[in-house]
>>> print(open('model-v2.pdb').read())   # PDB, N, CA and C atoms
MODEL        1
ATOM      1  N   MET Y   1      -0.433  42.947  -5.871
ATOM      2  CA  MET Y   1      -1.846  42.789  -6.160
ATOM      3  C   MET Y   1      -2.110  43.280  -7.581
ATOM      4  N   LYS Y   2      -2.861  42.522  -8.345
ATOM      5  CA  LYS Y   2      -3.176  42.886  -9.722
ATOM      6  C   LYS Y   2      -4.179  44.025  -9.733
ATOM      7  N   ARG Y   3      -3.864  45.050 -10.495
ATOM      8  CA  ARG Y   3      -4.748  46.207 -10.591
ATOM      9  C   ARG Y   3      -5.556  46.151 -11.877
ATOM     10  N   SER Y   4      -6.735  46.698 -11.834
ATOM     11  CA  SER Y   4      -7.629  46.733 -12.982
ATOM     12  C   SER Y   4      -7.066  47.670 -14.051
ATOM     13  N   ASN Y   5      -7.010  47.195 -15.288
ATOM     14  CA  ASN Y   5      -6.551  48.030 -16.400
ATOM     15  C   ASN Y   5      -7.468  49.232 -16.597
ATOM     16  N   ILE Y   6      -8.757  49.035 -16.389
ATOM     17  CA  ILE Y   6      -9.722  50.131 -16.537
ATOM     18  C   ILE Y   6      -9.452  51.204 -15.498
ATOM     19  N   LEU Y   7      -9.261  50.782 -14.223
ATOM     20  CA  LEU Y   7      -8.979  51.765 -13.171
ATOM     21  C   LEU Y   7      -7.653  52.472 -13.418
ATOM     22  N   GLU Y   8      -6.670  51.738 -13.898
ATOM     23  CA  GLU Y   8      -5.369  52.346 -14.186
ATOM     24  C   GLU Y   8      -5.498  53.388 -15.293
ATOM     25  N   ALA Y   9      -6.282  53.108 -16.326
ATOM     26  CA  ALA Y   9      -6.490  54.053 -17.421
ATOM     27  C   ALA Y   9      -7.210  55.300 -16.921
ATOM     28  N   LEU Y  10      -8.245  55.110 -16.098
ATOM     29  CA  LEU Y  10      -8.966  56.255 -15.534
ATOM     30  C   LEU Y  10      -8.078  57.076 -14.615
ATOM     31  N   ARG Y  11      -7.230  56.392 -13.864
ATOM     32  CA  ARG Y  11      -6.330  57.073 -12.935
ATOM     33  C   ARG Y  11      -5.417  58.049 -13.659
ATOM     34  N   LYS Y  12      -5.004  57.695 -14.870
ATOM     35  CA  LYS Y  12      -4.105  58.553 -15.650
ATOM     36  C   LYS Y  12      -4.803  59.812 -16.158
ATOM     37  N   GLU Y  13      -6.129  59.796 -16.197
ATOM     38  CA  GLU Y  13      -6.885  60.928 -16.725
ATOM     39  C   GLU Y  13      -7.238  61.971 -15.667
ATOM     40  N   VAL Y  14      -7.005  61.684 -14.406
ATOM     41  CA  VAL Y  14      -7.384  62.616 -13.345
ATOM     42  C   VAL Y  14      -6.213  63.526 -12.980
ATOM     43  N   GLY Y  15      -6.518  64.592 -12.257
ATOM     44  CA  GLY Y  15      -5.504  65.547 -11.843
ATOM     45  C   GLY Y  15      -4.532  64.960 -10.835
ATOM     46  N   PRO Y  16      -3.410  65.638 -10.637
ATOM     47  CA  PRO Y  16      -2.372  65.109  -9.741
ATOM     48  C   PRO Y  16      -2.824  64.948  -8.291
ATOM     49  N   ASP Y  17      -3.706  65.821  -7.800
ATOM     50  CA  ASP Y  17      -4.156  65.700  -6.421
ATOM     51  C   ASP Y  17      -5.002  64.443  -6.230
ATOM     52  N   VAL Y  18      -5.899  64.183  -7.155
ATOM     53  CA  VAL Y  18      -6.727  62.979  -7.090
ATOM     54  C   VAL Y  18      -5.851  61.748  -7.310
ATOM     55  N   ARG Y  19      -4.934  61.833  -8.257
ATOM     56  CA  ARG Y  19      -4.045  60.712  -8.549
ATOM     57  C   ARG Y  19      -3.236  60.324  -7.311
ATOM     58  N   GLU Y  20      -2.795  61.322  -6.559
ATOM     59  CA  GLU Y  20      -2.018  61.055  -5.343
ATOM     60  C   GLU Y  20      -2.866  60.322  -4.302
ATOM     61  N   ARG Y  21      -4.120  60.736  -4.139
ATOM     62  CA  ARG Y  21      -5.012  60.055  -3.190
ATOM     63  C   ARG Y  21      -5.293  58.624  -3.622
ATOM     64  N   VAL Y  22      -5.520  58.428  -4.919
ATOM     65  CA  VAL Y  22      -5.791  57.085  -5.437
ATOM     66  C   VAL Y  22      -4.563  56.202  -5.245
ATOM     67  N   GLU Y  23      -3.385  56.737  -5.523
ATOM     68  CA  GLU Y  23      -2.157  55.960  -5.364
ATOM     69  C   GLU Y  23      -1.959  55.559  -3.901
ATOM     70  N   LEU Y  24      -2.210  56.475  -2.979
ATOM     71  CA  LEU Y  24      -2.088  56.143  -1.562
ATOM     72  C   LEU Y  24      -3.090  55.058  -1.169
ATOM     73  N   SER Y  25      -4.295  55.156  -1.693
ATOM     74  CA  SER Y  25      -5.300  54.135  -1.415
ATOM     75  C   SER Y  25      -4.836  52.768  -1.910
ATOM     76  N   PHE Y  26      -4.265  52.719  -3.103
ATOM     77  CA  PHE Y  26      -3.738  51.455  -3.629
ATOM     78  C   PHE Y  26      -2.583  50.949  -2.761
ATOM     79  N   GLN Y  27      -1.747  51.844  -2.287
ATOM     80  CA  GLN Y  27      -0.631  51.434  -1.428
ATOM     81  C   GLN Y  27      -1.136  50.833  -0.117
ATOM     82  N   ILE Y  28      -2.185  51.421   0.434
ATOM     83  CA  ILE Y  28      -2.774  50.894   1.670
ATOM     84  C   ILE Y  28      -3.321  49.497   1.424
ATOM     85  N   VAL Y  29      -4.065  49.335   0.342
ATOM     86  CA  VAL Y  29      -4.634  48.021   0.014
ATOM     87  C   VAL Y  29      -3.516  47.013  -0.245
ATOM     88  N   ASP Y  30      -2.482  47.434  -0.962
ATOM     89  CA  ASP Y  30      -1.350  46.536  -1.221
ATOM     90  C   ASP Y  30      -0.706  46.089   0.087
ATOM     91  N   ARG Y  31      -0.575  47.010   1.042
ATOM     92  CA  ARG Y  31       0.026  46.675   2.341
ATOM     93  C   ARG Y  31      -0.860  45.696   3.109
ATOM     94  N   ILE Y  32      -2.157  45.928   3.121
ATOM     95  CA  ILE Y  32      -3.067  45.009   3.807
ATOM     96  C   ILE Y  32      -2.983  43.629   3.161
ATOM     97  N   HIS Y  33      -2.995  43.598   1.850
ATOM     98  CA  HIS Y  33      -2.890  42.328   1.135
ATOM     99  C   HIS Y  33      -1.567  41.622   1.472
ATOM    100  N   GLU Y  34      -0.488  42.382   1.518
ATOM    101  CA  GLU Y  34       0.832  41.831   1.864
ATOM    102  C   GLU Y  34       0.825  41.196   3.254
ATOM    103  N   ILE Y  35       0.225  41.883   4.218
ATOM    104  CA  ILE Y  35       0.156  41.361   5.593
ATOM    105  C   ILE Y  35      -0.683  40.081   5.624
ATOM    106  N   LEU Y  36      -1.815  40.107   4.935
ATOM    107  CA  LEU Y  36      -2.665  38.913   4.891
ATOM    108  C   LEU Y  36      -1.883  37.728   4.330
ATOM    109  N   MET Y  37      -1.155  37.950   3.244
ATOM    110  CA  MET Y  37      -0.365  36.876   2.622
ATOM    111  C   MET Y  37       0.702  36.358   3.591
ATOM    112  N   GLU Y  38       1.424  37.292   4.238
ATOM    113  CA  GLU Y  38       2.487  36.909   5.178
ATOM    114  C   GLU Y  38       1.947  36.051   6.313
ATOM    115  N   LYS Y  39       0.730  36.352   6.747
ATOM    116  CA  LYS Y  39       0.142  35.650   7.883
ATOM    117  C   LYS Y  39      -0.716  34.455   7.461
ATOM    118  N   GLY Y  40      -0.791  34.226   6.155
ATOM    119  CA  GLY Y  40      -1.589  33.104   5.664
ATOM    120  C   GLY Y  40      -3.079  33.303   5.890
ATOM    121  N   LEU Y  41      -3.516  34.546   5.857
ATOM    122  CA  LEU Y  41      -4.922  34.875   6.092
ATOM    123  C   LEU Y  41      -5.609  35.271   4.802
ATOM    124  N   LYS Y  42      -6.916  35.235   4.828
ATOM    125  CA  LYS Y  42      -7.737  35.655   3.698
ATOM    126  C   LYS Y  42      -8.601  36.838   4.135
ATOM    127  N   GLN Y  43      -9.211  37.497   3.164
ATOM    128  CA  GLN Y  43     -10.090  38.620   3.476
ATOM    129  C   GLN Y  43     -11.198  38.192   4.431
ATOM    130  N   LYS Y  44     -11.647  36.961   4.292
ATOM    131  CA  LYS Y  44     -12.691  36.440   5.172
ATOM    132  C   LYS Y  44     -12.218  36.443   6.623
ATOM    133  N   ASP Y  45     -10.954  36.093   6.847
ATOM    134  CA  ASP Y  45     -10.394  36.103   8.206
ATOM    135  C   ASP Y  45     -10.378  37.512   8.774
ATOM    136  N   LEU Y  46      -9.980  38.474   7.944
ATOM    137  CA  LEU Y  46      -9.970  39.871   8.387
ATOM    138  C   LEU Y  46     -11.388  40.323   8.717
ATOM    139  N   ALA Y  47     -12.335  39.956   7.877
ATOM    140  CA  ALA Y  47     -13.734  40.317   8.124
ATOM    141  C   ALA Y  47     -14.201  39.775   9.474
ATOM    142  N   LEU Y  48     -13.890  38.525   9.765
ATOM    143  CA  LEU Y  48     -14.277  37.929  11.048
ATOM    144  C   LEU Y  48     -13.649  38.676  12.220
ATOM    145  N   GLN Y  49     -12.366  39.017  12.094
ATOM    146  CA  GLN Y  49     -11.667  39.711  13.180
ATOM    147  C   GLN Y  49     -12.232  41.108  13.416
ATOM    148  N   LEU Y  50     -12.716  41.736  12.342
ATOM    149  CA  LEU Y  50     -13.253  43.096  12.469
ATOM    150  C   LEU Y  50     -14.755  43.128  12.705
ATOM    151  N   GLY Y  51     -15.395  41.958  12.660
ATOM    152  CA  GLY Y  51     -16.851  41.923  12.818
ATOM    153  C   GLY Y  51     -17.572  42.528  11.633
ATOM    154  N   LYS Y  52     -16.980  42.378  10.446
ATOM    155  CA  LYS Y  52     -17.552  42.917   9.210
ATOM    156  C   LYS Y  52     -17.941  41.771   8.293
ATOM    157  N   LYS Y  53     -18.713  42.098   7.272
ATOM    158  CA  LYS Y  53     -19.054  41.113   6.252
ATOM    159  C   LYS Y  53     -17.901  41.045   5.254
ATOM    160  N   GLU Y  54     -17.697  39.861   4.727
ATOM    161  CA  GLU Y  54     -16.614  39.670   3.762
ATOM    162  C   GLU Y  54     -16.784  40.596   2.549
ATOM    163  N   ALA Y  55     -18.021  40.855   2.147
ATOM    164  CA  ALA Y  55     -18.286  41.735   1.006
ATOM    165  C   ALA Y  55     -17.769  43.152   1.259
ATOM    166  N   GLU Y  56     -17.868  43.618   2.503
ATOM    167  CA  GLU Y  56     -17.372  44.958   2.830
ATOM    168  C   GLU Y  56     -15.855  45.006   2.706
ATOM    169  N   ILE Y  57     -15.178  43.981   3.207
ATOM    170  CA  ILE Y  57     -13.726  43.925   3.108
ATOM    171  C   ILE Y  57     -13.315  43.853   1.641
ATOM    172  N   SER Y  58     -14.055  43.100   0.850
ATOM    173  CA  SER Y  58     -13.780  42.997  -0.579
ATOM    174  C   SER Y  58     -13.860  44.364  -1.253
ATOM    175  N   LYS Y  59     -14.860  45.165  -0.876
ATOM    176  CA  LYS Y  59     -14.977  46.525  -1.418
ATOM    177  C   LYS Y  59     -13.771  47.367  -1.022
ATOM    178  N   TRP Y  60     -13.344  47.241   0.229
ATOM    179  CA  TRP Y  60     -12.178  47.991   0.693
ATOM    180  C   TRP Y  60     -10.948  47.643  -0.134
ATOM    181  N   MET Y  61     -10.829  46.357  -0.463
ATOM    182  CA  MET Y  61      -9.616  45.858  -1.106
ATOM    183  C   MET Y  61      -9.560  46.151  -2.608
ATOM    184  N   ARG Y  62     -10.529  46.850  -3.121
ATOM    185  CA  ARG Y  62     -10.506  47.256  -4.540
ATOM    186  C   ARG Y  62      -9.627  48.480  -4.752
ATOM    187  N   GLY Y  63      -9.264  49.164  -3.683
ATOM    188  CA  GLY Y  63      -8.388  50.324  -3.808
ATOM    189  C   GLY Y  63      -9.095  51.643  -3.964
ATOM    190  N   THR Y  64     -10.412  51.648  -3.893
ATOM    191  CA  THR Y  64     -11.153  52.895  -4.059
ATOM    192  C   THR Y  64     -11.827  53.346  -2.766
ATOM    193  N   HIS Y  65     -11.613  52.605  -1.686
ATOM    194  CA  HIS Y  65     -12.237  52.935  -0.402
ATOM    195  C   HIS Y  65     -11.476  54.077   0.264
ATOM    196  N   ASN Y  66     -12.212  55.005   0.863
ATOM    197  CA  ASN Y  66     -11.603  56.110   1.592
ATOM    198  C   ASN Y  66     -11.512  55.698   3.066
ATOM    199  N   PHE Y  67     -10.380  55.097   3.442
ATOM    200  CA  PHE Y  67     -10.203  54.598   4.796
ATOM    201  C   PHE Y  67     -10.179  55.739   5.807
ATOM    202  N   THR Y  68     -10.863  55.536   6.919
ATOM    203  CA  THR Y  68     -10.751  56.477   8.030
ATOM    204  C   THR Y  68      -9.575  56.040   8.904
ATOM    205  N   ILE Y  69      -9.109  56.940   9.733
ATOM    206  CA  ILE Y  69      -8.044  56.604  10.679
ATOM    207  C   ILE Y  69      -8.523  55.487  11.607
ATOM    208  N   ASP Y  70      -9.760  55.565  12.056
ATOM    209  CA  ASP Y  70     -10.309  54.532  12.944
ATOM    210  C   ASP Y  70     -10.274  53.160  12.278
ATOM    211  N   THR Y  71     -10.654  53.103  11.001
ATOM    212  CA  THR Y  71     -10.644  51.831  10.280
ATOM    213  C   THR Y  71      -9.231  51.300  10.139
ATOM    214  N   LEU Y  72      -8.291  52.172   9.799
ATOM    215  CA  LEU Y  72      -6.896  51.742   9.652
ATOM    216  C   LEU Y  72      -6.335  51.219  10.973
ATOM    217  N   VAL Y  73      -6.646  51.889  12.062
ATOM    218  CA  VAL Y  73      -6.175  51.435  13.374
ATOM    219  C   VAL Y  73      -6.794  50.080  13.704
ATOM    220  N   SER Y  74      -8.071  49.913  13.407
ATOM    221  CA  SER Y  74      -8.735  48.629  13.656
ATOM    222  C   SER Y  74      -8.089  47.504  12.844
ATOM    223  N   ILE Y  75      -7.759  47.796  11.595
ATOM    224  CA  ILE Y  75      -7.114  46.784  10.750
ATOM    225  C   ILE Y  75      -5.721  46.465  11.282
ATOM    226  N   GLU Y  76      -4.973  47.499  11.653
ATOM    227  CA  GLU Y  76      -3.635  47.278  12.221
ATOM    228  C   GLU Y  76      -3.715  46.409  13.477
ATOM    229  N   GLN Y  77      -4.673  46.686  14.327
ATOM    230  CA  GLN Y  77      -4.829  45.904  15.559
ATOM    231  C   GLN Y  77      -5.246  44.476  15.253
ATOM    232  N   ALA Y  78      -6.151  44.298  14.316
ATOM    233  CA  ALA Y  78      -6.624  42.959  13.963
ATOM    234  C   ALA Y  78      -5.503  42.118  13.356
ATOM    235  N   LEU Y  79      -4.652  42.760  12.545
ATOM    236  CA  LEU Y  79      -3.571  42.040  11.882
ATOM    237  C   LEU Y  79      -2.271  42.058  12.673
ATOM    238  N   ASP Y  80      -2.248  42.852  13.746
ATOM    239  CA  ASP Y  80      -1.045  43.009  14.562
ATOM    240  C   ASP Y  80       0.170  43.355  13.701
ATOM    241  N   ALA Y  81      -0.045  44.343  12.818
ATOM    242  CA  ALA Y  81       1.019  44.793  11.919
ATOM    243  C   ALA Y  81       0.722  46.231  11.490
ATOM    244  N   PRO Y  82       1.772  47.036  11.292
ATOM    245  CA  PRO Y  82       1.559  48.417  10.861
ATOM    246  C   PRO Y  82       1.162  48.499   9.388
ATOM    247  N   ILE Y  83       0.314  49.459   9.085
ATOM    248  CA  ILE Y  83      -0.085  49.714   7.702
ATOM    249  C   ILE Y  83       0.525  51.025   7.232
ATOM    250  N   LEU Y  84       0.351  52.061   8.035
ATOM    251  CA  LEU Y  84       0.891  53.376   7.702
ATOM    252  C   LEU Y  84       2.013  53.742   8.658
ATOM    253  N   GLN Y  85       2.930  54.523   8.156
ATOM    254  CA  GLN Y  85       3.993  55.029   9.010
ATOM    255  C   GLN Y  85       4.043  56.538   8.818
ATOM    256  N   VAL Y  86       4.005  57.258   9.904
ATOM    257  CA  VAL Y  86       4.076  58.710   9.846
ATOM    258  C   VAL Y  86       5.507  59.123  10.159
ATOM    259  N   VAL Y  87       6.060  59.951   9.299
ATOM    260  CA  VAL Y  87       7.438  60.389   9.468
ATOM    261  C   VAL Y  87       7.434  61.873   9.793
ATOM    262  N   HIS Y  88       8.076  62.218  10.887
ATOM    263  CA  HIS Y  88       8.199  63.617  11.290
ATOM    264  C   HIS Y  88       9.600  64.099  10.972
ATOM    265  N   GLN Y  89       9.690  65.269  10.426
ATOM    266  CA  GLN Y  89      10.993  65.872  10.199
ATOM    267  C   GLN Y  89      11.291  66.790  11.361
ATOM    268  N   GLU Y  90      12.516  66.734  11.819
ATOM    269  CA  GLU Y  90      12.928  67.622  12.910
ATOM    270  C   GLU Y  90      12.922  69.050  12.392
ATOM    271  N   GLU Y  91      12.295  69.932  13.140
ATOM    272  CA  GLU Y  91      12.319  71.349  12.775
ATOM    273  C   GLU Y  91      13.437  72.020  13.528
ATOM    274  N   VAL Y  92      14.154  72.858  12.837
ATOM    275  CA  VAL Y  92      15.249  73.591  13.455
ATOM    276  C   VAL Y  92      14.758  75.005  13.730
ATOM    277  N   TYR Y  93      14.821  75.367  15.007
ATOM    278  CA  TYR Y  93      14.362  76.702  15.400
ATOM    279  C   TYR Y  93      15.580  77.574  15.677
ATOM    280  N   ALA Y  94      15.532  78.807  15.208
ATOM    281  CA  ALA Y  94      16.656  79.736  15.398
ATOM    282  C   ALA Y  94      16.578  80.396  16.752
TER     283      ALA Y  94
ENDMDL
END
>>> encode(input="model-v2.pdb", output="structure tokens")
Amino acid sequence: MKRSNILEALRKEVGPDVRERVELSFQIVDRIHEILMEKGLKQKDLALQLGKKEAEISKWMRGTHNFTIDTLVSIEQALDAPILQVVHQEEVYA
């Protein structure tokens, strides 16, 4: 997905904690876009499946939306594909 040069320039000016959140947001949007492409769907199709307006989905897909867990689960269910993967490390107890 093509990213805005302005947003990329601003992203470089923020602290590492904010930069990490912004990068994760872009990764989420990139993954949603990837799934839509793989399935031959458009943002409008996702909006219909979620009962949202296309304009709202468009805002989400700019990479600046703060997705809730509920929203991510709804998108995963609508697209029948995973967006996030949680990795647990085994803890060794003495």
>>> closest_residue(input="model-v2.pdb", among="Y:Ser58, Y:Lys12, Y:Val29, Y:Leu24", to="Y:Gln43", atoms="only N, CA and C atoms")
Y:Ser58
>>> select_by_dssp(input="model-v2.pdb", residues="chain Y", states="alpha helix (DSSP H)", output="PyMOL selection string")
chain Y and resi 5-13+16-38+43-50+54-59+69-79
>>> axis_aligned_box(input="model-v2.pdb", around="stretch 80-88 of chain Y", padding_each_side="6 Å", output="AutoDock Vina command-line options")
--center_x 3.7 --center_y 53.5 --center_z 10.9 --size_x 23.8 --size_y 33.2 --size_z 19.3
>>> resolve_selection(input="model-v2.pdb", expression="the PyMOL selection byres (((chain Y and resi 33 and name CA) around 12) and name CA)", output="ChimeraX atom specification")
/Y:1-2,26-32,34-43,46,57-58,60-63,75,79,81,83
>>> atom_distance(input="model-v2.pdb", atom1="atom CA of Y:Val18", atom2="atom N of Y:Phe67")
13.7 Å
>>> resolve_selection(input="model-v2.pdb", expression="the PyMOL selection byres (((chain Y and resi 78 and name CA) around 10) and name CA)", output="PyMOL selection string")
chain Y and resi 45-50+72-77+79-81
>>> build_atoms(input="model-v2.pdb", residues="stretch 40-63 of chain Y", atoms="N, CA, C and O atoms", output="compact mmCIF listing (two decimals), in the coordinates of the input")
# COMPACT_ATOMS: atom_id res chain seq x y z
N GLY Y 40 -0.79 34.23 6.16
CA GLY Y 40 -1.59 33.10 5.66
C GLY Y 40 -3.08 33.30 5.89
O GLY Y 40 -3.82 32.34 6.09
N LEU Y 41 -3.52 34.55 5.86
CA LEU Y 41 -4.92 34.88 6.09
C LEU Y 41 -5.61 35.27 4.80
O LEU Y 41 -4.96 35.63 3.83
N LYS Y 42 -6.92 35.24 4.83
CA LYS Y 42 -7.74 35.66 3.70
C LYS Y 42 -8.60 36.84 4.14
O LYS Y 42 -8.71 37.14 5.32
N GLN Y 43 -9.21 37.50 3.16
CA GLN Y 43 -10.09 38.62 3.48
C GLN Y 43 -11.20 38.19 4.43
O GLN Y 43 -11.61 38.96 5.29
N LYS Y 44 -11.65 36.96 4.29
CA LYS Y 44 -12.69 36.44 5.17
C LYS Y 44 -12.22 36.44 6.62
O LYS Y 44 -12.98 36.78 7.53
N ASP Y 45 -10.95 36.09 6.85
CA ASP Y 45 -10.39 36.10 8.21
C ASP Y 45 -10.38 37.51 8.77
O ASP Y 45 -10.72 37.72 9.94
N LEU Y 46 -9.98 38.47 7.94
CA LEU Y 46 -9.97 39.87 8.39
C LEU Y 46 -11.39 40.32 8.72
O LEU Y 46 -11.61 40.99 9.73
N ALA Y 47 -12.34 39.96 7.88
CA ALA Y 47 -13.73 40.32 8.12
C ALA Y 47 -14.20 39.78 9.47
O ALA Y 47 -14.83 40.50 10.25
N LEU Y 48 -13.89 38.52 9.76
CA LEU Y 48 -14.28 37.93 11.05
C LEU Y 48 -13.65 38.68 12.22
O LEU Y 48 -14.31 38.95 13.22
N GLN Y 49 -12.37 39.02 12.09
CA GLN Y 49 -11.67 39.71 13.18
C GLN Y 49 -12.23 41.11 13.42
O GLN Y 49 -12.21 41.61 14.54
N LEU Y 50 -12.72 41.74 12.34
CA LEU Y 50 -13.25 43.10 12.47
C LEU Y 50 -14.76 43.13 12.70
O LEU Y 50 -15.33 44.20 12.90
N GLY Y 51 -15.40 41.96 12.66
CA GLY Y 51 -16.85 41.92 12.82
C GLY Y 51 -17.57 42.53 11.63
O GLY Y 51 -18.64 43.12 11.77
N LYS Y 52 -16.98 42.38 10.45
CA LYS Y 52 -17.55 42.92 9.21
C LYS Y 52 -17.94 41.77 8.29
O LYS Y 52 -17.52 40.64 8.47
N LYS Y 53 -18.71 42.10 7.27
CA LYS Y 53 -19.05 41.11 6.25
C LYS Y 53 -17.90 41.04 5.25
O LYS Y 53 -17.23 42.05 4.98
N GLU Y 54 -17.70 39.86 4.73
CA GLU Y 54 -16.61 39.67 3.76
C GLU Y 54 -16.78 40.60 2.55
O GLU Y 54 -15.80 41.11 2.00
N ALA Y 55 -18.02 40.85 2.15
CA ALA Y 55 -18.29 41.74 1.01
C ALA Y 55 -17.77 43.15 1.26
O ALA Y 55 -17.27 43.81 0.34
N GLU Y 56 -17.87 43.62 2.50
CA GLU Y 56 -17.37 44.96 2.83
C GLU Y 56 -15.86 45.01 2.71
O GLU Y 56 -15.31 45.96 2.15
N ILE Y 57 -15.18 43.98 3.21
CA ILE Y 57 -13.73 43.92 3.11
C ILE Y 57 -13.32 43.85 1.64
O ILE Y 57 -12.36 44.50 1.21
N SER Y 58 -14.06 43.10 0.85
CA SER Y 58 -13.78 43.00 -0.58
C SER Y 58 -13.86 44.36 -1.25
O SER Y 58 -13.02 44.71 -2.08
N LYS Y 59 -14.86 45.16 -0.88
CA LYS Y 59 -14.98 46.52 -1.42
C LYS Y 59 -13.77 47.37 -1.02
O LYS Y 59 -13.24 48.12 -1.83
N TRP Y 60 -13.34 47.24 0.23
CA TRP Y 60 -12.18 47.99 0.69
C TRP Y 60 -10.95 47.64 -0.13
O TRP Y 60 -10.14 48.49 -0.46
N MET Y 61 -10.83 46.36 -0.46
CA MET Y 61 -9.62 45.86 -1.11
C MET Y 61 -9.56 46.15 -2.61
O MET Y 61 -8.60 45.79 -3.28
N ARG Y 62 -10.53 46.85 -3.12
CA ARG Y 62 -10.51 47.26 -4.54
C ARG Y 62 -9.63 48.48 -4.75
O ARG Y 62 -9.31 48.83 -5.89
N GLY Y 63 -9.26 49.16 -3.68
CA GLY Y 63 -8.39 50.32 -3.81
C GLY Y 63 -9.10 51.64 -3.96
O GLY Y 63 -8.46 52.67 -4.14
